[in-house]
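Asks: Contents of input_13.cif (mmCIF, C-alpha atoms and all ligand atoms) are given next:
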```cif
data_coords
#
loop_
_atom_site.label_atom_id
_atom_site.label_comp_id
_atom_site.auth_asym_id
_atom_site.auth_seq_id
_atom_site.Cartn_x
_atom_site.Cartn_y
_atom_site.Cartn_z
CA MET G 1 5.57 24.34 -53.16
CA SER G 2 3.50 26.99 -51.47
CA CYS G 3 3.04 30.52 -52.71
CA ARG G 4 1.11 33.62 -51.80
CA GLN G 5 0.76 35.05 -55.27
CA THR G 6 -2.49 36.26 -56.76
CA VAL G 7 -3.29 35.49 -60.38
CA ILE G 8 -6.13 36.97 -62.41
CA VAL G 9 -7.37 34.56 -65.08
CA LEU G 10 -9.24 36.50 -67.78
CA HIS G 11 -11.44 34.65 -70.24
CA THR G 12 -14.12 35.37 -72.82
CA HIS G 13 -16.94 32.86 -72.38
CA PRO G 14 -18.11 30.61 -69.58
CA ASP G 15 -16.27 27.29 -70.35
CA ASP G 16 -13.04 28.81 -71.73
CA GLU G 17 -11.51 28.77 -68.23
CA SER G 18 -11.95 24.99 -68.00
CA ILE G 19 -10.97 24.11 -71.58
CA PHE G 20 -7.87 26.29 -71.86
CA THR G 21 -6.66 26.80 -68.28
CA GLY G 22 -8.37 24.22 -66.07
CA LEU G 23 -5.15 22.38 -65.19
CA THR G 24 -3.36 25.65 -64.59
CA MET G 25 -5.99 27.12 -62.30
CA ARG G 26 -6.03 23.92 -60.26
CA ARG G 27 -2.21 23.83 -60.02
CA LEU G 28 -2.04 27.47 -58.91
CA ALA G 29 -4.75 26.98 -56.31
CA ASP G 30 -3.18 23.78 -54.99
CA ALA G 31 0.11 25.65 -54.59
CA GLY G 32 -1.59 28.25 -52.41
CA ALA G 33 -2.05 31.01 -54.97
CA ARG G 34 -5.23 33.10 -54.93
CA VAL G 35 -6.88 32.56 -58.29
CA VAL G 36 -9.47 35.09 -59.41
CA LEU G 37 -11.45 34.23 -62.52
CA VAL G 38 -12.78 37.07 -64.66
CA THR G 39 -15.20 36.12 -67.46
CA ALA G 40 -16.11 38.82 -69.94
CA THR G 41 -19.34 37.67 -71.59
CA ASP G 42 -22.58 35.98 -70.68
CA GLY G 43 -22.27 33.28 -73.36
CA ALA G 44 -25.73 33.97 -74.76
CA ALA G 45 -24.65 33.22 -78.34
CA GLY G 46 -23.76 29.62 -77.53
CA VAL G 47 -25.97 26.79 -78.68
CA PRO G 48 -27.20 24.68 -75.75
CA HIS G 49 -26.50 20.95 -76.07
CA VAL G 50 -29.25 20.15 -73.61
CA PRO G 51 -32.85 21.34 -73.38
CA LEU G 52 -33.30 24.13 -70.88
CA PRO G 53 -36.30 24.08 -68.56
CA ARG G 54 -39.01 26.59 -69.34
CA GLY G 55 -38.05 29.95 -67.87
CA GLU G 56 -34.32 29.27 -67.70
CA SER G 57 -32.22 31.40 -70.03
CA LEU G 58 -28.94 30.26 -71.51
CA PRO G 59 -26.96 33.02 -69.76
CA SER G 60 -28.37 32.04 -66.37
CA ARG G 61 -27.58 28.35 -67.03
CA ARG G 62 -24.07 29.23 -68.18
CA LEU G 63 -23.45 31.43 -65.16
CA ALA G 64 -24.44 28.58 -62.82
CA GLU G 65 -22.13 26.22 -64.73
CA LEU G 66 -19.34 28.77 -64.54
CA GLU G 67 -19.71 29.24 -60.78
CA ARG G 68 -19.46 25.48 -60.21
CA ALA G 69 -16.51 25.07 -62.57
CA CYS G 70 -14.67 27.94 -60.88
CA GLU G 71 -15.14 26.19 -57.53
CA LEU G 72 -13.87 22.87 -58.90
CA LEU G 73 -10.76 24.57 -60.26
CA GLY G 74 -9.98 26.29 -56.97
CA GLY G 75 -11.02 29.80 -57.96
CA ALA G 76 -11.25 32.03 -54.90
CA ARG G 77 -13.53 34.55 -56.59
CA LEU G 78 -15.43 34.96 -59.85
CA ASP G 79 -16.07 38.33 -61.49
CA VAL G 80 -18.35 38.35 -64.54
CA LEU G 81 -18.15 41.51 -66.67
CA ARG G 82 -21.49 40.68 -68.36
CA TYR G 83 -20.81 41.92 -71.86
CA ALA G 84 -23.02 40.35 -74.49
CA ASP G 85 -21.50 38.00 -77.06
CA SER G 86 -20.71 39.81 -80.29
CA GLY G 87 -22.34 37.11 -82.41
CA ALA G 88 -21.30 35.33 -85.59
CA HIS G 89 -21.50 38.22 -88.01
CA GLU G 90 -19.14 40.86 -89.30
CA GLY G 91 -19.02 44.09 -87.30
CA PRO G 92 -20.13 46.65 -86.40
CA TYR G 93 -21.33 45.02 -83.21
CA SER G 94 -24.34 45.97 -81.17
CA ALA G 95 -24.09 48.21 -78.12
CA GLY G 96 -23.41 46.16 -75.04
CA THR G 97 -21.37 43.50 -76.82
CA LEU G 98 -17.73 42.87 -76.02
CA GLY G 99 -16.85 43.54 -79.65
CA ALA G 100 -18.34 47.03 -79.46
CA ALA G 101 -16.76 47.91 -76.12
CA PRO G 102 -13.67 50.14 -76.31
CA VAL G 103 -10.56 48.22 -75.23
CA ALA G 104 -9.68 51.03 -72.82
CA GLU G 105 -13.05 50.74 -71.09
CA VAL G 106 -12.79 46.98 -70.58
CA ALA G 107 -9.15 47.33 -69.57
CA ARG G 108 -10.08 49.88 -66.89
CA ARG G 109 -12.52 47.38 -65.40
CA VAL G 110 -9.97 44.59 -65.43
CA ALA G 111 -7.27 46.88 -64.02
CA ARG G 112 -9.55 47.75 -61.11
CA ILE G 113 -9.87 44.04 -60.33
CA VAL G 114 -6.09 43.59 -60.58
CA GLU G 115 -5.55 46.50 -58.19
CA ARG G 116 -8.28 45.36 -55.81
CA GLU G 117 -6.60 41.96 -55.60
CA GLY G 118 -2.99 43.20 -55.61
CA ALA G 119 -2.41 40.64 -58.35
CA ASP G 120 1.01 39.60 -59.59
CA ALA G 121 0.12 37.96 -62.88
CA LEU G 122 -2.61 38.03 -65.51
CA VAL G 123 -3.63 35.14 -67.73
CA HIS G 124 -5.30 36.10 -71.01
CA TYR G 125 -4.95 34.95 -74.67
CA ASP G 126 -2.45 34.97 -77.49
CA PRO G 127 -2.91 37.70 -80.15
CA ARG G 128 -5.33 35.53 -82.15
CA GLY G 129 -7.45 34.86 -79.10
CA ILE G 130 -6.36 31.23 -79.63
CA TYR G 131 -8.64 30.73 -82.66
CA GLY G 132 -9.64 34.08 -84.11
CA HIS G 133 -13.01 34.61 -82.42
CA VAL G 134 -13.62 38.36 -82.25
CA ASP G 135 -14.42 38.31 -78.53
CA HIS G 136 -11.34 36.21 -77.79
CA VAL G 137 -9.15 38.65 -79.73
CA GLN G 138 -10.73 41.46 -77.73
CA VAL G 139 -9.75 39.70 -74.49
CA HIS G 140 -6.17 39.49 -75.76
CA ARG G 141 -6.15 43.23 -76.47
CA VAL G 142 -7.52 43.98 -73.02
CA GLY G 143 -5.14 41.57 -71.29
CA ALA G 144 -2.08 42.89 -73.14
CA HIS G 145 -3.08 46.47 -72.32
CA VAL G 146 -3.48 45.75 -68.60
CA THR G 147 -0.33 43.63 -68.40
CA ARG G 148 1.77 46.41 -69.90
CA ALA G 149 0.10 49.26 -68.04
CA LEU G 150 0.47 47.64 -64.61
CA GLY G 151 3.81 45.87 -65.18
CA LEU G 152 2.42 42.40 -64.50
CA THR G 153 3.70 39.07 -65.65
CA GLY G 154 1.38 38.10 -68.49
CA TYR G 155 0.60 34.55 -69.49
CA GLN G 156 -1.09 34.29 -72.87
CA ALA G 157 -3.05 31.06 -73.03
CA THR G 158 -2.62 29.44 -76.42
CA VAL G 159 -2.46 26.00 -78.00
CA ASP G 160 0.19 24.12 -79.93
CA ALA G 161 -1.76 23.58 -83.13
CA ALA G 162 0.51 20.79 -84.37
CA ALA G 163 0.05 18.92 -81.10
CA LEU G 164 -3.72 19.28 -81.33
CA ARG G 165 -3.79 18.14 -84.95
CA ALA G 166 -1.83 15.03 -83.97
CA GLY G 167 -4.18 14.20 -81.11
CA PRO G 168 -7.81 13.16 -80.75
CA ARG G 169 -10.67 15.49 -81.62
CA HIS G 170 -10.59 18.74 -79.66
CA VAL G 171 -13.47 21.12 -79.02
CA LEU G 172 -11.64 23.72 -81.15
CA GLN G 173 -12.45 21.63 -84.22
CA ARG G 174 -16.12 22.30 -83.62
CA ALA G 175 -15.42 25.97 -82.97
CA THR G 176 -13.39 26.56 -86.11
CA GLY G 177 -15.36 24.20 -88.33
CA GLY G 178 -12.30 23.05 -90.21
CA PRO G 179 -8.55 22.61 -90.06
CA LEU G 180 -7.03 23.57 -86.74
CA ASP G 181 -5.61 26.94 -87.73
CA VAL G 182 -5.21 27.93 -84.10
CA GLY G 183 -2.69 28.93 -81.48
CA VAL G 184 0.98 29.63 -82.16
CA PRO G 185 3.93 27.57 -83.42
CA ALA G 186 5.61 25.43 -80.77
CA SER G 187 8.75 27.56 -81.01
CA LEU G 188 6.89 30.53 -79.50
CA ILE G 189 5.51 28.66 -76.50
CA SER G 190 7.17 29.60 -73.20
CA LEU G 191 5.73 26.96 -70.93
CA ILE G 192 3.54 23.91 -70.92
CA VAL G 193 1.45 22.77 -67.98
CA ARG G 194 1.34 18.96 -68.18
CA ALA G 195 -1.49 17.43 -66.20
CA ARG G 196 -1.03 15.61 -62.96
CA GLU G 197 -3.75 13.06 -62.39
CA CYS G 198 -5.67 15.13 -59.83
CA GLU G 199 -5.51 18.20 -62.10
CA LEU G 200 -6.80 16.21 -65.05
CA LEU G 201 -9.72 14.92 -63.01
CA ALA G 202 -10.53 18.46 -61.84
CA LYS G 203 -10.42 19.72 -65.44
CA MET G 204 -12.67 16.93 -66.65
CA ALA G 205 -15.15 17.62 -63.86
CA ALA G 206 -15.11 21.35 -64.62
CA MET G 207 -15.67 20.77 -68.34
CA ALA G 208 -18.47 18.32 -67.55
CA THR G 209 -20.08 21.01 -65.42
CA HIS G 210 -20.51 23.06 -68.61
CA ALA G 211 -23.07 20.53 -69.79
CA SER G 212 -24.93 23.08 -71.89
CA GLN G 213 -21.81 23.44 -74.08
CA VAL G 214 -19.54 20.44 -73.64
CA GLY G 215 -20.79 17.08 -74.89
CA ALA G 216 -19.91 13.49 -74.09
CA ALA G 217 -17.53 13.34 -77.08
CA GLU G 218 -15.26 15.84 -75.35
CA LEU G 219 -15.31 13.89 -72.10
CA ASP G 220 -14.37 10.42 -73.37
CA PRO G 221 -11.97 9.11 -70.71
CA ALA G 222 -10.10 7.10 -73.34
CA CYS G 223 -8.77 10.22 -75.06
CA PHE G 224 -9.34 13.06 -72.60
CA ALA G 225 -5.73 13.18 -71.41
CA ALA G 226 -4.38 13.23 -74.96
CA ALA G 227 -6.75 16.04 -76.00
CA TYR G 228 -6.80 18.17 -72.85
CA GLY G 229 -3.84 17.09 -70.70
CA ARG G 230 -1.60 20.00 -71.67
CA GLU G 231 -2.03 23.75 -71.50
CA TRP G 232 0.29 26.14 -73.31
CA PHE G 233 1.35 29.72 -72.58
CA VAL G 234 3.41 32.52 -74.07
CA ARG G 235 4.86 34.63 -71.28
CA GLU G 236 5.09 38.42 -71.35
CA GLY G 237 7.57 40.09 -69.02
CA ALA G 238 9.51 38.60 -66.14
CA PRO G 239 9.05 34.99 -65.09
CA GLY G 240 6.31 34.62 -62.53
CA VAL G 241 4.46 32.15 -60.40
CA LEU G 242 3.49 29.83 -63.22
CA ASP G 243 7.11 29.53 -64.37
CA ALA G 244 8.06 28.59 -60.84
CA LEU G 245 5.34 25.94 -60.72
CA CYS G 246 6.44 24.50 -64.07
CA GLY G 247 10.18 24.67 -63.43
CA THR G 248 10.80 27.08 -66.32
CA ALA G 249 11.66 30.25 -64.41
CA LYS G 250 15.09 30.46 -66.04
CA LEU G 251 13.83 30.45 -69.61
CA PRO G 252 13.72 33.80 -71.44
CA ALA G 253 10.37 35.35 -72.19
CA VAL G 254 9.22 35.00 -75.77
CA GLU G 255 8.59 38.49 -77.07
CA ALA G 256 7.88 37.85 -80.75
CA VAL G 257 4.46 36.29 -80.89
CA ALA G 258 2.29 35.82 -83.91
CA ARG G 259 0.87 38.95 -85.43
CA GLU G 260 -2.67 39.68 -84.38
CA PRO G 261 -4.88 38.79 -87.35
CA GLU G 262 -8.18 40.19 -88.31
CA ALA G 263 -10.91 38.45 -86.38
CA ARG G 264 -12.66 35.91 -88.57
CA PRO G 265 -16.31 36.10 -87.70
CA GLY G 266 -17.37 34.48 -90.96
CA ARG G 267 -15.65 31.22 -90.02
CA ARG G 268 -16.88 31.13 -86.46
CA ARG G 269 -19.35 28.71 -85.09
CA PRO G 270 -20.59 28.75 -81.56
CA GLY G 271 -17.69 27.42 -79.60
CA PRO G 272 -15.45 27.83 -76.63
ZN ZN G 301 -14.70 31.26 -75.84
#
```
Hey, can you dump this file as structure tokens for me?
Replies:
Amino acid sequence: MSCRQTVIVLHTHPDDESIFTGLTMRRLADAGARVVLVTATDGAAGVPHVPLPRGESLPSRRLAELERACELLGGARLDVLRYADSGAHEGPYSAGTLGAAPVAEVARRVARIVEREGADALVHYDPRGIYGHVDHVQVHRVGAHVTRALGLTGYQATVDAAALRAGPRHVLQRATGGPLDVGVPASLISLIVRARECELLAKMAAMATHASQVGAAELDPACFAAAYGREWFVREGAPGVLDALCGTAKLPAVEAVAREPEARPGRRRPGP
């Protein structure tokens, strides 16, 4: 099918777009949608898996990886908001971090992008930011605010924790450092994007591009499809372009999503 919709895909760190919505971005782009990726932070708090050449900073490496991944996933444009990572400590957070930024301020910036693009839908996160990371929760708050204020269709990226627990190791296990207390129950999920082969290859290539963060263990072809071949969403508002592309446009929106928890900085490790 072909469509002329525009979708803003809002994420926290460079690499989240590939891990949580790589299949979806590729499907939207292949269907003719304009996909605009907005990444909130510079990813400076990540731990590089590879040595960086002298003079190259982690944020500059991660930005280059992000630009390439966005291209591979069919993104038409990338906007980076350049907030600093809030870090792995309890608040208060330093000036300039996403955790310290007022939700209304970040939401105004995202709303300007939505209006500039004439966007129809906004992808962000479930109320726990998928796994409780303070900057992911902040992106949920911003996304929910903009979705409501502008009357968009919202797609909250999430995961089906039971499905992940039953599958091979997922990068979220490294991020949470323990049991996969992530995502929402399956009963709250509105739609699932199941990978087509070309989408899976694009997602794998995009994740591999984030070589400073994603290791070979995550890219094992023997279990990649089982770990990363589905993407899950809770819809807010009327069915939109993603429902049409997944054949779920007639399903009702799920309004009652999990309560937003306190962010859990103490449990966080550098992760997606
Ligand atoms: Zn992240």
Asks: Considering all atoms listed in the file, return as number ranges by chain whatever protein or nucleic-acid residues lie within 12 Å of range 165-175 of chain G, sequence-local ones (same chain, fewer than 5 positions apart) excluded.
Replies: G: 15-16, 18-20, 46-47, 88, 130-133, 158-160, 180-183, 207, 213-230, 264-272
Asks: Choose the residue, out of G:Val134, G:Ala162, G:Leu188, G:Ala64, that has the smallest atom-to-atom separation from ligand ZN 301 (chain G); count only C-alpha atoms and all ligand atoms.
Replies: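 Ranked by minimum distance to ligand ZN 301 (chain G), first place goes to G:Val134.
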Asks: Quick one: everything within 7 Å of range 191-193 of chain G, counting only C-alpha atoms, minus sequence neighbours fewer than 6 positions away in the same chain. Send it as a list in words.
Replies: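 Surrounding residues, per the criterion: Thr24, Arg230, Glu231, Trp232, Phe233, Val234, Cys246 and Thr248 of chain G.
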Asks: Please indicate the distance in Å from CA of Ala206 in chain G to CA of Arg112 in chain G, rounded to one decimal place.
Replies: 27.2 Å
Asks: Compile the contact shell of range 114-121 of chain G as a ChimeraX atom specification: residues with an atom at most 9 Å away, counting all atoms listed in the file, same-chain residues fewer than 3 positions apart removed.
Replies: /G:5-9,34,36,109-111,146-147,150-155,240-242
Asks: Nearest to ligand ZN 301 (chain G): which of G:Ile113, G:Ala40, G:Cys70, G:Ala161 is it, counting all atoms listed in the file?
Replies: G:Ala40
Asks: By how many Å are CA of Val123 in chain G and CA of Arg235 in chain G apart?
Replies: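 Value for the CA of Val123 in chain G-CA of Arg235 in chain G distance: 9.2 Å.
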Asks: Need the neighbours of (-12.7, 34.4, -59.7): which residues are at most 10 Å away, counting all atoms listed in the file, as an MDAnalysis selection string?
Replies: chainID G and resid 7:10 34:39 66:67 70:71 74:80
Asks: Which of these residues is nearest to ligand ZN 301 (chain G), using all atoms listed in the file: G:His124, G:His145, G:Arg27, G:Arg4?
Replies: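 Smallest separation from ligand ZN 301 (chain G) among the options: G:His124.
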Asks: Figure out the distance between CA of Ala44 in chain G and CA of Ala104 in chain G, please, to one decimal in Å.
Replies: 23.5 Å
Asks: Counting all atoms listed in the file, what is within 12 Å of Pro53 in chain G, bar same-chain residues fewer than 6 positions away, as a count of residues only?
Replies: 3
Asks: Looking at G:Glu105, G:Asp243, G:Glu199, G:Asp85, which one is nearest to ligand ZN 301 (chain G), with distances taken over all atoms listed in the file?
Replies: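 Of G:Glu105, G:Asp243, G:Glu199, G:Asp85, the one nearest ligand ZN 301 (chain G), counting all atoms listed in the file, is G:Asp85.
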Asks: Taking into account all atoms listed in the file, which residue in the set G:Ser94, G:Ser86, G:Gln156, G:Thr12 is nearest to ligand ZN 301 (chain G)?
Replies: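 Checking each candidate against ligand ZN 301 (chain G), we get G:Thr12 as the closest.
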Asks: Looking at all atoms listed in the file, which of G:Ala33, G:Val137, G:Leu58, G:Met25 is the one that sits closest to ligand ZN 301 (chain G)?
Replies: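 Under the stated criterion, the closest residue is G:Val137.
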Asks: To test the calculation: enclose all listed atoms of range 8-27 of chain G in a box whose edges run along x, y and z, add 3 Å on each side, then state centre and edge lengths in Å to one decimal, as AutoDock Vina command-line options.
Replies:
```
--center_x -10.2 --center_y 29.7 --center_z -66.4 --size_x 21.9 --size_y 20.6 --size_z 18.8
```
